[in-house]
$ cat protein-v7.cif   # mmCIF, C-alpha atoms and all ligand atoms
data_entry
#
loop_
_atom_site.label_atom_id
_atom_site.label_comp_id
_atom_site.auth_asym_id
_atom_site.auth_seq_id
_atom_site.Cartn_x
_atom_site.Cartn_y
_atom_site.Cartn_z
CA MET F 264 -0.39 8.61 -0.44
CA ARG F 265 -3.72 10.41 -0.21
CA LYS F 266 -5.71 9.22 2.76
CA LEU F 267 -9.04 7.45 2.30
CA ILE F 268 -12.02 8.21 4.52
CA ALA F 269 -14.82 5.69 4.03
CA GLY F 270 -18.22 5.75 5.70
CA ASN F 271 -19.94 2.53 6.70
CA TRP F 272 -23.61 3.31 7.14
CA LYS F 273 -24.30 -0.22 8.44
CA MET F 274 -28.06 -1.01 8.50
CA ASN F 275 -29.15 2.61 8.63
CA GLY F 276 -30.83 4.92 6.14
CA SER F 277 -33.91 5.52 4.04
CA LEU F 278 -34.45 6.99 0.59
CA ALA F 279 -35.33 10.38 2.05
CA GLY F 280 -32.67 10.32 4.78
CA ASN F 281 -29.89 9.24 2.42
CA GLU F 282 -30.72 11.97 -0.04
CA ALA F 283 -30.62 14.64 2.65
CA LEU F 284 -27.34 13.27 4.08
CA VAL F 285 -25.55 12.97 0.74
CA LYS F 286 -26.76 16.38 -0.45
CA ALA F 287 -25.53 17.95 2.77
CA MET F 288 -22.11 16.33 2.26
CA LEU F 289 -21.89 17.49 -1.36
CA ALA F 290 -22.98 21.00 -0.39
CA GLY F 291 -20.39 21.05 2.38
CA LEU F 292 -17.66 20.05 -0.05
CA GLY F 293 -18.66 22.63 -2.65
CA ASN F 294 -16.18 22.77 -5.50
CA ALA F 295 -13.16 22.26 -3.27
CA VAL F 296 -10.95 19.21 -3.69
CA PRO F 297 -11.43 17.21 -0.47
CA ALA F 298 -8.40 16.70 1.77
CA ALA F 299 -8.80 12.91 1.39
CA ASP F 300 -10.36 10.43 -0.97
CA MET F 301 -13.90 9.70 0.16
CA ALA F 302 -16.33 6.81 -0.10
CA LEU F 303 -19.71 5.83 1.32
CA CYS F 304 -20.70 2.19 1.82
CA ALA F 305 -24.48 1.77 1.87
CA PRO F 306 -26.93 -1.10 2.27
CA ALA F 307 -27.36 -2.87 -1.09
CA PRO F 308 -30.88 -1.55 -1.85
CA TYR F 309 -29.54 2.00 -1.85
CA LEU F 310 -26.61 1.53 -4.23
CA ALA F 311 -28.60 2.75 -7.23
CA GLN F 312 -29.54 5.85 -5.25
CA LEU F 313 -25.91 6.51 -4.31
CA GLN F 314 -24.86 6.05 -7.92
CA ALA F 315 -27.42 8.63 -9.03
CA LEU F 316 -26.50 11.09 -6.28
CA LEU F 317 -22.70 10.71 -6.38
CA GLN F 318 -21.83 10.10 -10.03
CA GLY F 319 -19.39 12.79 -11.14
CA SER F 320 -18.72 13.93 -7.56
CA ALA F 321 -15.59 13.55 -5.43
CA ILE F 322 -17.26 10.80 -3.37
CA ALA F 323 -17.02 7.13 -4.42
CA TRP F 324 -19.47 4.53 -3.20
CA GLY F 325 -19.57 0.90 -2.28
CA ALA F 326 -21.32 -1.96 -0.54
CA GLN F 327 -20.98 -3.56 2.88
CA ASP F 328 -20.75 -7.20 1.82
CA VAL F 329 -20.54 -9.40 -1.27
CA SER F 330 -21.08 -13.08 -1.96
CA GLY F 331 -18.10 -15.40 -2.18
CA HIS F 332 -19.90 -17.07 -5.10
CA GLU F 333 -20.03 -15.81 -8.67
CA GLN F 334 -23.77 -16.35 -9.31
CA GLY F 335 -26.53 -18.90 -8.95
CA ALA F 336 -28.76 -20.46 -6.30
CA TYR F 337 -27.67 -18.40 -3.28
CA THR F 338 -30.88 -16.79 -2.06
CA GLY F 339 -30.37 -13.38 -0.50
CA GLU F 340 -26.79 -12.98 -1.69
CA VAL F 341 -25.47 -10.14 -3.84
CA SER F 342 -22.74 -10.84 -6.41
CA VAL F 343 -19.80 -8.66 -7.32
CA ALA F 344 -21.19 -8.34 -10.86
CA MET F 345 -24.30 -6.77 -9.34
CA LEU F 346 -22.15 -4.31 -7.39
CA LYS F 347 -20.36 -3.51 -10.65
CA ASP F 348 -23.72 -2.82 -12.32
CA PHE F 349 -24.09 0.07 -9.89
CA ALA F 350 -20.48 1.22 -10.37
CA CYS F 351 -19.38 0.36 -6.84
CA ARG F 352 -15.71 1.09 -6.29
CA TYR F 353 -15.45 -0.61 -2.89
CA VAL F 354 -16.97 -3.39 -0.86
CA ILE F 355 -16.38 -4.01 2.84
CA VAL F 356 -15.60 -7.68 3.59
CA GLY F 357 -15.15 -9.40 6.93
CA HIS F 358 -16.58 -6.65 9.10
CA SER F 359 -16.58 -7.87 12.69
CA GLU F 360 -20.38 -7.63 12.79
CA ARG F 361 -20.52 -10.15 9.96
CA ARG F 362 -17.89 -12.37 11.56
CA GLN F 363 -19.76 -12.19 14.88
CA TYR F 364 -23.45 -12.33 13.89
CA HIS F 365 -23.24 -14.23 10.60
CA GLY F 366 -20.51 -16.71 11.39
CA GLU F 367 -18.13 -15.51 8.71
CA THR F 368 -14.82 -17.36 8.89
CA ASP F 369 -11.38 -16.22 7.74
CA VAL F 370 -11.72 -18.56 4.74
CA LEU F 371 -15.09 -17.13 3.70
CA VAL F 372 -13.85 -13.55 4.12
CA ALA F 373 -10.83 -14.40 1.96
CA ALA F 374 -13.11 -15.88 -0.73
CA LYS F 375 -15.18 -12.70 -0.71
CA ALA F 376 -12.07 -10.52 -1.04
CA GLN F 377 -10.84 -12.64 -3.92
CA ARG F 378 -14.24 -12.54 -5.64
CA ALA F 379 -14.41 -8.75 -5.25
CA LEU F 380 -10.96 -8.24 -6.81
CA ALA F 381 -11.73 -10.62 -9.65
CA GLY F 382 -14.88 -8.60 -10.36
CA GLY F 383 -13.07 -5.27 -10.33
CA VAL F 384 -14.29 -3.97 -6.95
CA THR F 385 -11.76 -3.08 -4.24
CA PRO F 386 -12.32 -5.05 -1.04
CA ILE F 387 -11.96 -3.20 2.26
CA VAL F 388 -10.82 -6.14 4.39
CA CYS F 389 -11.64 -5.70 8.09
CA VAL F 390 -9.51 -7.26 10.82
CA GLY F 391 -9.56 -6.73 14.55
CA GLU F 392 -9.42 -8.35 17.95
CA THR F 393 -12.08 -8.60 20.63
CA LEU F 394 -11.52 -7.20 24.11
CA ALA F 395 -10.92 -10.71 25.47
CA GLU F 396 -8.31 -11.35 22.78
CA ARG F 397 -6.56 -8.05 23.54
CA GLU F 398 -6.53 -8.76 27.26
CA ALA F 399 -5.07 -12.21 26.54
CA GLY F 400 -2.24 -10.60 24.57
CA GLN F 401 -3.47 -12.08 21.29
CA THR F 402 -4.04 -8.89 19.29
CA GLU F 403 -1.14 -9.36 16.87
CA ALA F 404 -1.79 -13.05 16.37
CA VAL F 405 -5.49 -12.48 15.63
CA VAL F 406 -5.09 -9.67 13.09
CA LYS F 407 -2.20 -11.46 11.39
CA ARG F 408 -4.24 -14.67 11.10
CA GLN F 409 -7.19 -12.75 9.62
CA LEU F 410 -5.02 -10.89 7.09
CA ALA F 411 -2.96 -13.99 6.24
CA ALA F 412 -6.07 -15.79 5.01
CA VAL F 413 -6.81 -12.95 2.60
CA ILE F 414 -3.20 -12.64 1.42
CA HIS F 415 -3.15 -16.38 0.76
CA ALA F 416 -6.30 -16.11 -1.38
CA VAL F 417 -5.52 -12.95 -3.36
CA ALA F 418 -1.75 -13.64 -3.69
CA HIS F 419 -0.17 -11.34 -6.29
CA CYS F 420 -3.12 -8.91 -6.04
CA THR F 421 -2.40 -8.13 -2.37
CA SER F 422 -1.32 -4.57 -3.16
CA GLU F 423 -4.83 -3.88 -4.55
CA ILE F 424 -6.74 -4.46 -1.32
CA VAL F 425 -7.61 -1.94 1.38
CA VAL F 426 -7.19 -3.12 4.97
CA ALA F 427 -9.20 -1.76 7.89
CA TYR F 428 -8.03 -2.35 11.44
CA GLU F 429 -11.14 -2.24 13.60
CA PRO F 430 -10.66 -3.37 17.19
CA VAL F 431 -14.01 -4.92 18.06
CA TRP F 432 -14.01 -3.30 21.52
CA ALA F 433 -13.81 0.15 19.89
CA ILE F 434 -16.72 -0.26 17.46
CA GLY F 435 -19.78 1.76 18.39
CA THR F 436 -18.61 1.96 21.99
CA GLY F 437 -17.13 5.45 22.06
CA LYS F 438 -13.85 3.81 23.19
CA THR F 439 -11.25 4.61 20.55
CA ALA F 440 -7.89 2.93 20.35
CA SER F 441 -5.26 5.51 21.28
CA PRO F 442 -3.19 6.72 18.31
CA GLU F 443 -0.25 4.73 19.72
CA GLN F 444 -2.29 1.54 20.18
CA ALA F 445 -3.64 1.81 16.64
CA GLN F 446 -0.26 2.67 15.10
CA GLN F 447 1.32 -0.35 16.77
CA VAL F 448 -1.15 -2.71 15.09
CA HIS F 449 -0.97 -0.85 11.77
CA ALA F 450 2.81 -1.27 11.77
CA VAL F 451 2.37 -5.02 12.30
CA LEU F 452 -0.05 -5.17 9.37
CA ARG F 453 2.28 -3.11 7.16
CA ALA F 454 5.15 -5.47 7.93
CA GLN F 455 2.95 -8.43 7.04
CA LEU F 456 1.98 -6.75 3.75
CA SER F 457 5.65 -6.01 3.04
CA ALA F 458 6.41 -9.70 3.15
CA ALA F 459 3.53 -10.41 0.75
CA THR F 460 3.79 -7.70 -1.88
CA GLN F 461 6.48 -5.55 -3.46
CA HIS F 462 4.26 -2.52 -3.00
CA PRO F 463 3.08 -2.48 0.62
CA GLU F 464 3.08 1.32 0.51
CA ARG F 465 0.19 1.21 -1.98
CA VAL F 466 -2.13 -0.49 0.49
CA HIS F 467 -4.31 1.85 2.52
CA ILE F 468 -4.56 0.64 6.11
CA LEU F 469 -7.60 2.36 7.61
CA TYR F 470 -8.45 2.64 11.29
CA GLY F 471 -12.05 2.11 12.38
CA GLY F 472 -13.73 2.17 15.78
CA SER F 473 -15.33 5.27 17.26
CA MET F 474 -13.34 7.58 15.01
CA ASN F 475 -14.98 11.00 15.15
CA ALA F 476 -14.45 14.67 14.39
CA ALA F 477 -12.60 15.18 17.67
CA ASN F 478 -10.12 12.29 17.57
CA ALA F 479 -9.55 11.86 13.81
CA ALA F 480 -6.61 14.24 13.44
CA SER F 481 -4.41 12.51 16.02
CA LEU F 482 -5.17 9.05 14.62
CA LEU F 483 -4.61 10.15 11.02
CA ALA F 484 -1.27 11.73 11.97
CA GLN F 485 0.22 8.28 12.67
CA PRO F 486 2.65 7.08 9.98
CA ASP F 487 0.80 3.84 9.15
CA ILE F 488 -2.78 5.10 9.49
CA ASP F 489 -3.82 5.84 5.92
CA GLY F 490 -7.42 6.76 6.57
CA GLY F 491 -10.53 5.79 8.45
CA LEU F 492 -13.56 3.54 8.26
CA ILE F 493 -16.26 5.52 9.95
CA GLY F 494 -19.51 4.13 11.35
CA GLY F 495 -21.68 6.41 13.46
CA ALA F 496 -19.98 9.66 12.47
CA SER F 497 -20.58 8.94 8.76
CA LEU F 498 -24.31 9.41 9.38
CA LYS F 499 -23.77 13.10 10.13
CA ALA F 500 -22.59 15.26 7.23
CA ALA F 501 -20.73 17.83 9.33
CA ASP F 502 -18.89 15.20 11.38
CA PHE F 503 -17.91 13.17 8.34
CA LEU F 504 -16.63 16.27 6.52
CA GLN F 505 -14.69 17.30 9.61
CA ILE F 506 -12.96 13.91 9.65
CA VAL F 507 -12.09 14.29 5.97
CA ALA F 508 -10.70 17.76 6.65
CA SER F 509 -8.58 16.31 9.48
CA ALA F 510 -6.70 14.23 6.92
CA SER F 511 -4.85 17.23 5.51
P1 LIG F 601 -18.18 3.31 14.71
O1 LIG F 601 -17.43 4.41 14.01
O2 LIG F 601 -19.64 3.60 14.85
O3 LIG F 601 -17.52 2.90 15.98
O4 LIG F 601 -18.11 2.03 13.73
C1 LIG F 601 -16.89 1.67 13.21
C2 LIG F 601 -17.12 0.63 12.18
O5 LIG F 601 -17.50 -0.50 12.49
C3 LIG F 601 -16.92 0.98 10.77
O6 LIG F 601 -16.95 -0.13 9.96
#

$ encode --input "protein-v7.cif" --output "structure tokens"
Amino acid sequence: MRKLIAGNWKMNGSLAGNEALVKAMLAGLGNAVPAADMALCAPAPYLAQLQALLQGSAIAWGAQDVSGHEQGAYTGEVSVAMLKDFACRYVIVGHSERRQYHGETDVLVAAKAQRALAGGVTPIVCVGETLAEREAGQTEAVVKRQLAAVIHAVAHCTSEIVVAYEPVWAIGTGKTASPEQAQQVHAVLRAQLSAATQHPERVHILYGGSMNAANAASLLAQPDIDGGLIGGASLKAADFLQIVASAS
């Protein structure tokens, strides 16, 4: 399968900065077919801008969160229909920053994934253990519990999700999981998907957590690492393009 390299801008950007960043990425790509599928996930107010800048290009776009509700009196929330209005292909759900700072539970994350699929947007479902959980030997149990909630909710549509393994201790810390550490968890997730869908090979399992231009190639060479979810390095055109090139 072609690998998928997705950028998560998190709460960064501005109209002027985004335009410069995206134009630099498009210029860097030129007319060449990128070595991997690409996507950029921006803060909701900039989705219209990404649509205008990226339509017709090799780069897809998406959001960083979606409501678990369809519509109605949910002040501040953004529905999947709204993401569809701006032609979003992807939406990140259950990022550890949302689980940690916004109290998102496995059940809520599963509802968001289900809502995204029902609305025709591919959820990028994030799972990952904290440092304390890893040190307590709970890594497998934690990621399996997080993914099980989503599988339970989306059932026969499981092969349509994207999964991102993001060890919390590796996010924004410069501490990457070693390729072996990451592969071990990816293999666990693939086995769990195999039990839930006839087409586990269709599911991209991305690695995220301090992936950068220098370490991407060795991570992406692992058999069950199907791409990356890139935070900091997606804010620099050259670094992001280098990661994409590493996927070949
Ligand atoms: P960093 O690449 O900045 O560590 O962030 C990873 C991440 O959280 C992507 O969703």

$ residues_near_ligand --input "protein-v7.cif" --ligand "ligand LIG 601 (chain F)" --cutoff "8 Å" --atoms "all atoms listed in the file" --output "PyMOL selection string"
chain F and resi 270-273+358-360+389+429+431+433-437+439+471-475+492-497

$ closest_residue --input "protein-v7.cif" --among "F:Ala336, F:Leu483, F:Gly331, F:Ala476" --to "Leu504 (chain F)" --atoms "all atoms listed in the file"
F:Ala476

$ residues_near_point --input "protein-v7.cif" --point "(-16.7, -13.5, -10.3)" --cutoff "12 Å" --atoms "only C-alpha atoms" --output "PyMOL selection string"
chain F and resi 329-335+341-347+374-384

$ residues_near_point --input "protein-v7.cif" --point "(-7.2, -13.2, -0.3)" --cutoff "7 Å" --atoms "all atoms listed in the file" --output "PyMOL selection string"
chain F and resi 373-374+376-377+412-418

$ closest_residue --input "protein-v7.cif" --among "F:Leu371, F:Met288, F:Ala299, F:Cys304" --to "Met264 (chain F)" --atoms "all atoms listed in the file"
F:Ala299

$ residues_around --input "protein-v7.cif" --residues "Ile268 (chain F)" --least-positions-apart "6" --cutoff "7 Å" --atoms "all atoms listed in the file" --output "VMD selection string"
chain F and resid 299 to 302 490 to 492 507

$ residues_around --input "protein-v7.cif" --residues "region 354-356 of chain F" --least-positions-apart "6" --cutoff "6 Å" --atoms "all atoms listed in the file" --output "ChimeraX atom specification"
/F:325-328,386-388

$ closest_residue --input "protein-v7.cif" --among "F:Gly319, F:Gly357, F:Pro442, F:Pro308" --to "Val390 (chain F)" --atoms "only C-alpha atoms"
F:Gly357

$ closest_atom_pairs --input "protein-v7.cif" --of "region 293-410 of chain F" --to "region 449-469 of chain F" --cutoff "9 Å" --atoms "all atoms listed in the file" --output "Markdown table"
| residue | atom | partner | partner_atom | distance |
| --- | --- | --- | --- | --- |
| F:Ile387 | CA | F:Leu469 | CA | 8.9 |
| F:Glu403 | CA | F:Val451 | CA | 7.2 |
| F:Val406 | CA | F:Leu452 | CA | 7.7 |
| F:Lys407 | CA | F:Leu452 | CA | 6.9 |
| F:Leu410 | CA | F:Leu452 | CA | 7.9 |

$ closest_residue --input "protein-v7.cif" --among "F:Val405, F:Ala269, F:Ala321, F:Cys351" --to "Gly293 (chain F)" --atoms "only C-alpha atoms"
F:Ala321

$ atom_distance --input "protein-v7.cif" --atom1 "CA of Lys438 (chain F)" --atom2 "CA of Ala411 (chain F)"
26.9 Å

$ residues_around --input "protein-v7.cif" --residues "Phe349 (chain F)" --least-positions-apart "6" --cutoff "8 Å" --atoms "all atoms listed in the file" --output "ChimeraX atom specification"
/F:310-311,314

$ write_last_selection --input "protein-v7.cif" --atoms "C-alpha atoms" --output "compact mmCIF listing (two decimals), in the frame of the given file"
# COMPACT_ATOMS: atom_id res chain seq x y z
CA LEU F 310 -26.61 1.53 -4.23
CA ALA F 311 -28.60 2.75 -7.23
CA GLN F 314 -24.86 6.05 -7.92

$ closest_residue --input "protein-v7.cif" --among "F:Ile488, F:Trp432, F:Pro306, F:Leu267" --to "Ala395 (chain F)" --atoms "all atoms listed in the file"
F:Trp432

$ atom_distance --input "protein-v7.cif" --atom1 "CA of Glu367 (chain F)" --atom2 "CA of Gln447 (chain F)"
25.9 Å

$ atom_distance --input "protein-v7.cif" --atom1 "CA of Val448 (chain F)" --atom2 "CA of Thr402 (chain F)"
8.0 Å
